[in-house]
Amino acid sequence: GQNIDQPTEMTATEGAIVQINCTYQTSGFNGLFWYQQHAGEAPTFLSYNVLDGLEEKGRFSSFLSRSKGYSYLLLKELQMKDSASYLCAVRLHNTNAGKSTFGDGTTLTVKP
Amino acid sequence: DAGVIQSPRHEVTEMGQEVTLRCKPISGHNSLFWYRQTMMRGLELLIYFNNNVPIDDSGMPEDRFSAKMPNASFSTLKIQPSEPRDSAVYFCASSPNRGKNIQYFGAGTRLSVL
């Protein structure tokens, strides 16, 4: 089966930096996604990594190590609006359909 | 583009009733996914279509659930008969089958079965 592990909850302070980890053991790998989901809303795309290394996009960065089956999402200069659930998802195969398996998500609470 | 459109946004029904959830994917997207999200089980993939053809329905819980995609711009997820344990948020997502294959989610349908 597919296994994606993330911490259930994290808390951080406004203005700080937080790192959300994701480890995966899957039957295939063709890229890793991070999605953000605010309470009561739909998941929205944040980042995509398919090669090892760091991808930076503004305050958010995502890192991937394929050999370790590991990724993290780094959020800098935290804002209150960053309080949300962060979902790690692995695209299993290089097929046209793009099926992905999602982790259970990490609920991040940003406090003043 | 208006994004993925789902209807209804909320549905409250009684056990045993038929429920039909609807989805309009983003124009030009070839893949469509139906997910169910609950606190206990997280985001579960129920079924996905590629070019209107069901590719993998292994996540469909049981025969009470069925999904169709009669054309590229419309899909339905039907539950008949509904049960209280079906209460969840049901998301539809579509992706373009190119590039990163990002999935774009609709706003979801919050289903409550009493």
# chains A, B, ... in the order shown; residues from 1 in each chain; ligands from 1

$ interface_residues --of "chain B" --to "chain A" --cutoff "8 Å" --atoms "only C-alpha atoms" --output "PyMOL selection string"
chain B and resi 30-31+41-45+48-50+91+95+97-98+100-108

$ write_last_selection --atoms "N, CA and C atoms" --output "PDB file, in the first residue's frame"
ATOM      1  N   ASN B  30      -8.455  16.943 -18.770  1.00  0.00           N
ATOM      2  CA  ASN B  30      -8.791  15.603 -19.221  1.00  0.00           C
ATOM      3  C   ASN B  30      -9.073  14.622 -18.087  1.00  0.00           C
ATOM      4  N   SER B  31      -8.622  14.958 -16.888  1.00  0.00           N
ATOM      5  CA  SER B  31      -8.810  14.038 -15.770  1.00  0.00           C
ATOM      6  C   SER B  31      -9.742  14.655 -14.732  1.00  0.00           C
ATOM      7  N   ARG B  41     -10.768   9.925   8.358  1.00  0.00           N
ATOM      8  CA  ARG B  41     -10.090   9.221   7.268  1.00  0.00           C
ATOM      9  C   ARG B  41      -9.325  10.144   6.331  1.00  0.00           C
ATOM     10  N   GLY B  42      -9.413  11.455   6.558  1.00  0.00           N
ATOM     11  CA  GLY B  42      -8.686  12.374   5.695  1.00  0.00           C
ATOM     12  C   GLY B  42      -9.301  12.445   4.313  1.00  0.00           C
ATOM     13  N   LEU B  43      -8.458  12.737   3.323  1.00  0.00           N
ATOM     14  CA  LEU B  43      -8.900  12.892   1.938  1.00  0.00           C
ATOM     15  C   LEU B  43      -8.708  11.561   1.212  1.00  0.00           C
ATOM     16  N   GLU B  44      -9.808  10.963   0.816  1.00  0.00           N
ATOM     17  CA  GLU B  44      -9.763   9.658   0.159  1.00  0.00           C
ATOM     18  C   GLU B  44     -10.178   9.794  -1.300  1.00  0.00           C
ATOM     19  N   LEU B  45      -9.410   9.203  -2.197  1.00  0.00           N
ATOM     20  CA  LEU B  45      -9.786   9.164  -3.599  1.00  0.00           C
ATOM     21  C   LEU B  45     -10.825   8.069  -3.810  1.00  0.00           C
ATOM     22  N   TYR B  48     -11.428   8.031 -10.325  1.00  0.00           N
ATOM     23  CA  TYR B  48     -11.028   9.074 -11.251  1.00  0.00           C
ATOM     24  C   TYR B  48     -11.225   8.626 -12.692  1.00  0.00           C
ATOM     25  N   PHE B  49     -11.444   9.642 -13.530  1.00  0.00           N
ATOM     26  CA  PHE B  49     -11.706   9.452 -14.951  1.00  0.00           C
ATOM     27  C   PHE B  49     -10.581  10.100 -15.755  1.00  0.00           C
ATOM     28  N   ASN B  50     -10.273   9.509 -16.887  1.00  0.00           N
ATOM     29  CA  ASN B  50      -9.380  10.124 -17.857  1.00  0.00           C
ATOM     30  C   ASN B  50     -10.084  10.110 -19.204  1.00  0.00           C
ATOM     31  N   PHE B  91     -15.296  16.246  -2.584  1.00  0.00           N
ATOM     32  CA  PHE B  91     -14.627  17.170  -3.495  1.00  0.00           C
ATOM     33  C   PHE B  91     -14.493  16.538  -4.875  1.00  0.00           C
ATOM     34  N   SER B  95      -7.629  17.900 -13.583  1.00  0.00           N
ATOM     35  CA  SER B  95      -6.230  18.218 -13.919  1.00  0.00           C
ATOM     36  C   SER B  95      -6.059  18.119 -15.427  1.00  0.00           C
ATOM     37  N   ASN B  97      -3.597  16.909 -17.474  1.00  0.00           N
ATOM     38  CA  ASN B  97      -2.804  15.875 -18.156  1.00  0.00           C
ATOM     39  C   ASN B  97      -1.613  16.426 -18.903  1.00  0.00           C
ATOM     40  N   ARG B  98      -1.024  17.473 -18.350  1.00  0.00           N
ATOM     41  CA  ARG B  98       0.220  17.983 -18.926  1.00  0.00           C
ATOM     42  C   ARG B  98       0.948  18.750 -17.830  1.00  0.00           C
ATOM     43  N   LYS B 100       2.809  19.702 -14.679  1.00  0.00           N
ATOM     44  CA  LYS B 100       2.854  19.158 -13.321  1.00  0.00           C
ATOM     45  C   LYS B 100       1.603  18.356 -12.972  1.00  0.00           C
ATOM     46  N   ASN B 101       0.589  18.430 -13.808  1.00  0.00           N
ATOM     47  CA  ASN B 101      -0.666  17.734 -13.505  1.00  0.00           C
ATOM     48  C   ASN B 101      -1.239  18.154 -12.154  1.00  0.00           C
ATOM     49  N   ILE B 102      -1.237  19.450 -11.930  1.00  0.00           N
ATOM     50  CA  ILE B 102      -1.820  19.977 -10.700  1.00  0.00           C
ATOM     51  C   ILE B 102      -3.306  19.689 -10.694  1.00  0.00           C
ATOM     52  N   GLN B 103      -3.803  19.276  -9.531  1.00  0.00           N
ATOM     53  CA  GLN B 103      -5.243  19.063  -9.399  1.00  0.00           C
ATOM     54  C   GLN B 103      -5.884  20.341  -8.851  1.00  0.00           C
ATOM     55  N   TYR B 104      -6.962  20.757  -9.489  1.00  0.00           N
ATOM     56  CA  TYR B 104      -7.707  21.936  -9.081  1.00  0.00           C
ATOM     57  C   TYR B 104      -9.030  21.458  -8.500  1.00  0.00           C
ATOM     58  N   PHE B 105      -9.271  21.851  -7.260  1.00  0.00           N
ATOM     59  CA  PHE B 105     -10.423  21.342  -6.531  1.00  0.00           C
ATOM     60  C   PHE B 105     -11.603  22.296  -6.614  1.00  0.00           C
ATOM     61  N   GLY B 106     -12.795  21.692  -6.652  1.00  0.00           N
ATOM     62  CA  GLY B 106     -14.001  22.468  -6.464  1.00  0.00           C
ATOM     63  C   GLY B 106     -14.204  22.790  -4.992  1.00  0.00           C
ATOM     64  N   ALA B 107     -15.220  23.583  -4.713  1.00  0.00           N
ATOM     65  CA  ALA B 107     -15.468  24.038  -3.340  1.00  0.00           C
ATOM     66  C   ALA B 107     -16.012  22.936  -2.443  1.00  0.00           C
ATOM     67  N   GLY B 108     -16.458  21.837  -3.051  1.00  0.00           N
ATOM     68  CA  GLY B 108     -16.932  20.705  -2.263  1.00  0.00           C
ATOM     69  C   GLY B 108     -18.427  20.738  -2.007  1.00  0.00           C
TER      70      GLY B 108
END

$ residues_around --residues "region 72-78 of chain A" --least-positions-apart "3" --cutoff "7 Å" --atoms "only C-alpha atoms" --output "PyMOL selection string"
chain A and resi 14-22+59-64+82

$ write_last_selection --atoms "N, CA and C atoms" --output "PDB file, in the first residue's frame"
ATOM      1  N   GLU A  14       3.451  34.053  14.929  1.00  0.00           N
ATOM      2  CA  GLU A  14       3.452  35.012  13.830  1.00  0.00           C
ATOM      3  C   GLU A  14       4.853  35.593  13.635  1.00  0.00           C
ATOM      4  N   GLY A  15       5.319  35.632  12.389  1.00  0.00           N
ATOM      5  CA  GLY A  15       6.643  36.160  12.083  1.00  0.00           C
ATOM      6  C   GLY A  15       7.745  35.122  12.102  1.00  0.00           C
ATOM      7  N   ALA A  16       7.472  33.966  12.653  1.00  0.00           N
ATOM      8  CA  ALA A  16       8.483  32.916  12.777  1.00  0.00           C
ATOM      9  C   ALA A  16       8.572  32.081  11.496  1.00  0.00           C
ATOM     10  N   ILE A  17       9.419  31.052  11.558  1.00  0.00           N
ATOM     11  CA  ILE A  17       9.587  30.094  10.467  1.00  0.00           C
ATOM     12  C   ILE A  17       9.127  28.725  10.967  1.00  0.00           C
ATOM     13  N   VAL A  18       8.428  27.982  10.116  1.00  0.00           N
ATOM     14  CA  VAL A  18       8.007  26.636  10.506  1.00  0.00           C
ATOM     15  C   VAL A  18       8.302  25.668   9.368  1.00  0.00           C
ATOM     16  N   GLN A  19       8.682  24.457   9.729  1.00  0.00           N
ATOM     17  CA  GLN A  19       8.977  23.410   8.748  1.00  0.00           C
ATOM     18  C   GLN A  19       8.035  22.236   8.974  1.00  0.00           C
ATOM     19  N   ILE A  20       7.311  21.865   7.943  1.00  0.00           N
ATOM     20  CA  ILE A  20       6.371  20.740   8.018  1.00  0.00           C
ATOM     21  C   ILE A  20       6.970  19.593   7.211  1.00  0.00           C
ATOM     22  N   ASN A  21       7.182  18.470   7.872  1.00  0.00           N
ATOM     23  CA  ASN A  21       7.828  17.335   7.239  1.00  0.00           C
ATOM     24  C   ASN A  21       6.823  16.337   6.672  1.00  0.00           C
ATOM     25  N   CYS A  22       7.274  15.620   5.663  1.00  0.00           N
ATOM     26  CA  CYS A  22       6.469  14.568   5.041  1.00  0.00           C
ATOM     27  C   CYS A  22       7.397  13.435   4.629  1.00  0.00           C
ATOM     28  N   ARG A  59       7.324  33.316   0.234  1.00  0.00           N
ATOM     29  CA  ARG A  59       7.545  32.925   1.633  1.00  0.00           C
ATOM     30  C   ARG A  59       7.586  31.408   1.814  1.00  0.00           C
ATOM     31  N   PHE A  60       7.149  30.687   0.782  1.00  0.00           N
ATOM     32  CA  PHE A  60       7.061  29.227   0.885  1.00  0.00           C
ATOM     33  C   PHE A  60       8.180  28.571   0.077  1.00  0.00           C
ATOM     34  N   SER A  61       8.773  27.522   0.650  1.00  0.00           N
ATOM     35  CA  SER A  61       9.774  26.705  -0.042  1.00  0.00           C
ATOM     36  C   SER A  61       9.434  25.244   0.204  1.00  0.00           C
ATOM     37  N   SER A  62       9.788  24.406  -0.759  1.00  0.00           N
ATOM     38  CA  SER A  62       9.579  22.969  -0.573  1.00  0.00           C
ATOM     39  C   SER A  62      10.847  22.243  -0.995  1.00  0.00           C
ATOM     40  N   PHE A  63      11.177  21.217  -0.209  1.00  0.00           N
ATOM     41  CA  PHE A  63      12.405  20.445  -0.422  1.00  0.00           C
ATOM     42  C   PHE A  63      12.049  18.992  -0.647  1.00  0.00           C
ATOM     43  N   LEU A  64      12.840  18.334  -1.478  1.00  0.00           N
ATOM     44  CA  LEU A  64      12.628  16.905  -1.746  1.00  0.00           C
ATOM     45  C   LEU A  64      13.950  16.152  -1.732  1.00  0.00           C
ATOM     46  N   ASP A  82      -1.832  32.077   7.475  1.00  0.00           N
ATOM     47  CA  ASP A  82      -1.194  30.801   7.146  1.00  0.00           C
ATOM     48  C   ASP A  82      -1.756  29.660   7.989  1.00  0.00           C
TER      49      ASP A  82
END

$ residues_around --residues "Leu108 (chain A)" --least-positions-apart "2" --cutoff "9 Å" --atoms "only C-alpha atoms" --output "VMD selection string"
chain A and resid 8 to 12 20 82 to 86 106 110

$ select_by_dssp --residues "chain A" --states "strand (DSSP E or B)" --output "PyMOL selection string"
chain A and resi 3-5+9-13+18-25+32-37+44-49+53-57+60-65+70-75+84-91+100-102+106-111

$ residues_around --residues "region 58-74 of chain B" --least-positions-apart "3" --cutoff "7 Å" --atoms "only C-alpha atoms" --output "PyMOL selection string"
chain B and resi 23-25+27+45-47+51-52+77-81

$ write_last_selection --atoms "N, CA and C atoms" --output "PDB file, in the first residue's frame"
ATOM      1  N   CYS B  23     -20.558  17.793 -10.781  1.00  0.00           N
ATOM      2  CA  CYS B  23     -19.272  18.446 -10.954  1.00  0.00           C
ATOM      3  C   CYS B  23     -19.072  18.856 -12.403  1.00  0.00           C
ATOM      4  N   LYS B  24     -18.604  20.091 -12.573  1.00  0.00           N
ATOM      5  CA  LYS B  24     -18.204  20.573 -13.894  1.00  0.00           C
ATOM      6  C   LYS B  24     -16.714  20.873 -13.823  1.00  0.00           C
ATOM      7  N   PRO B  25     -15.883  20.126 -14.530  1.00  0.00           N
ATOM      8  CA  PRO B  25     -14.427  20.365 -14.453  1.00  0.00           C
ATOM      9  C   PRO B  25     -14.029  21.612 -15.232  1.00  0.00           C
ATOM     10  N   SER B  27     -12.604  23.604 -18.176  1.00  0.00           N
ATOM     11  CA  SER B  27     -12.602  23.309 -19.599  1.00  0.00           C
ATOM     12  C   SER B  27     -11.187  22.983 -20.081  1.00  0.00           C
ATOM     13  N   LEU B  45      -9.410   9.203  -2.197  1.00  0.00           N
ATOM     14  CA  LEU B  45      -9.786   9.164  -3.599  1.00  0.00           C
ATOM     15  C   LEU B  45     -10.825   8.069  -3.810  1.00  0.00           C
ATOM     16  N   LEU B  46     -11.967   8.446  -4.361  1.00  0.00           N
ATOM     17  CA  LEU B  46     -13.026   7.469  -4.614  1.00  0.00           C
ATOM     18  C   LEU B  46     -12.892   6.869  -6.011  1.00  0.00           C
ATOM     19  N   ILE B  47     -12.773   7.742  -7.005  1.00  0.00           N
ATOM     20  CA  ILE B  47     -12.712   7.291  -8.389  1.00  0.00           C
ATOM     21  C   ILE B  47     -12.092   8.403  -9.223  1.00  0.00           C
ATOM     22  N   ASN B  51     -10.237  11.280 -19.788  1.00  0.00           N
ATOM     23  CA  ASN B  51     -10.985  11.391 -21.050  1.00  0.00           C
ATOM     24  C   ASN B  51     -12.352  10.704 -20.956  1.00  0.00           C
ATOM     25  N   ASN B  52     -13.034  10.954 -19.865  1.00  0.00           N
ATOM     26  CA  ASN B  52     -14.405  10.503 -19.603  1.00  0.00           C
ATOM     27  C   ASN B  52     -14.498   9.018 -19.274  1.00  0.00           C
ATOM     28  N   LEU B  77     -21.699  11.925  -8.990  1.00  0.00           N
ATOM     29  CA  LEU B  77     -21.433  10.890  -7.996  1.00  0.00           C
ATOM     30  C   LEU B  77     -22.754  10.636  -7.286  1.00  0.00           C
ATOM     31  N   LYS B  78     -23.203   9.391  -7.320  1.00  0.00           N
ATOM     32  CA  LYS B  78     -24.507   9.054  -6.768  1.00  0.00           C
ATOM     33  C   LYS B  78     -24.352   8.082  -5.609  1.00  0.00           C
ATOM     34  N   ILE B  79     -25.127   8.310  -4.581  1.00  0.00           N
ATOM     35  CA  ILE B  79     -25.170   7.399  -3.437  1.00  0.00           C
ATOM     36  C   ILE B  79     -26.621   6.950  -3.270  1.00  0.00           C
ATOM     37  N   GLN B  80     -26.829   5.644  -3.363  1.00  0.00           N
ATOM     38  CA  GLN B  80     -28.188   5.113  -3.278  1.00  0.00           C
ATOM     39  C   GLN B  80     -28.155   3.702  -2.716  1.00  0.00           C
ATOM     40  N   PRO B  81     -28.727   3.450  -1.545  1.00  0.00           N
ATOM     41  CA  PRO B  81     -29.306   4.414  -0.613  1.00  0.00           C
ATOM     42  C   PRO B  81     -28.237   5.034   0.281  1.00  0.00           C
TER      43      PRO B  81
END

$ closest_residue --among "B:Ala93, B:Ser87, B:Thr76, B:Pro54" --to "Thr20 (chain B)" --atoms "only C-alpha atoms"
B:Thr76

$ residues_around --residues "Thr13 (chain B)" --least-positions-apart "6" --cutoff "7 Å" --atoms "only C-alpha atoms" --output "ChimeraX atom specification"
/B:112-114

$ atom_distance --atom1 "CA of Leu92 (chain A)" --atom2 "CA of Gln6 (chain B)"
26.2 Å

$ residues_around --residues "Arg66 (chain A)" --least-positions-apart "2" --cutoff "9 Å" --atoms "only C-alpha atoms" --output "JSON list (two decimals) with C-alpha atoms, in the first residue's frame"
[["chain", "number", "residue", "atom", "x", "y", "z"],
["A", 29, "PHE", "CA", 6.99, 8.20, -7.50],
["A", 50, "VAL", "CA", 10.07, 16.06, -8.84],
["A", 51, "LEU", "CA", 13.85, 16.50, -8.59],
["A", 52, "ASP", "CA", 15.91, 16.57, -5.42],
["A", 64, "LEU", "CA", 12.63, 16.91, -1.75],
["A", 68, "LYS", "CA", 15.21, 9.35, 1.66],
["A", 69, "GLY", "CA", 11.54, 9.47, 0.72],
["A", 70, "TYR", "CA", 11.35, 12.84, 2.43],
["A", 71, "SER", "CA", 10.02, 16.30, 1.78]]

$ atom_distance --atom1 "CA of Lys81 (chain A)" --atom2 "CA of Pro112 (chain A)"
11.2 Å

$ closest_residue --among "B:Arg36, B:Ser7, B:Val53, B:Glu83" --to "Arg22 (chain B)" --atoms "only C-alpha atoms"
B:Ser7

$ atom_distance --atom1 "CA of Gly28 (chain B)" --atom2 "CA of Ile55 (chain B)"
18.2 Å
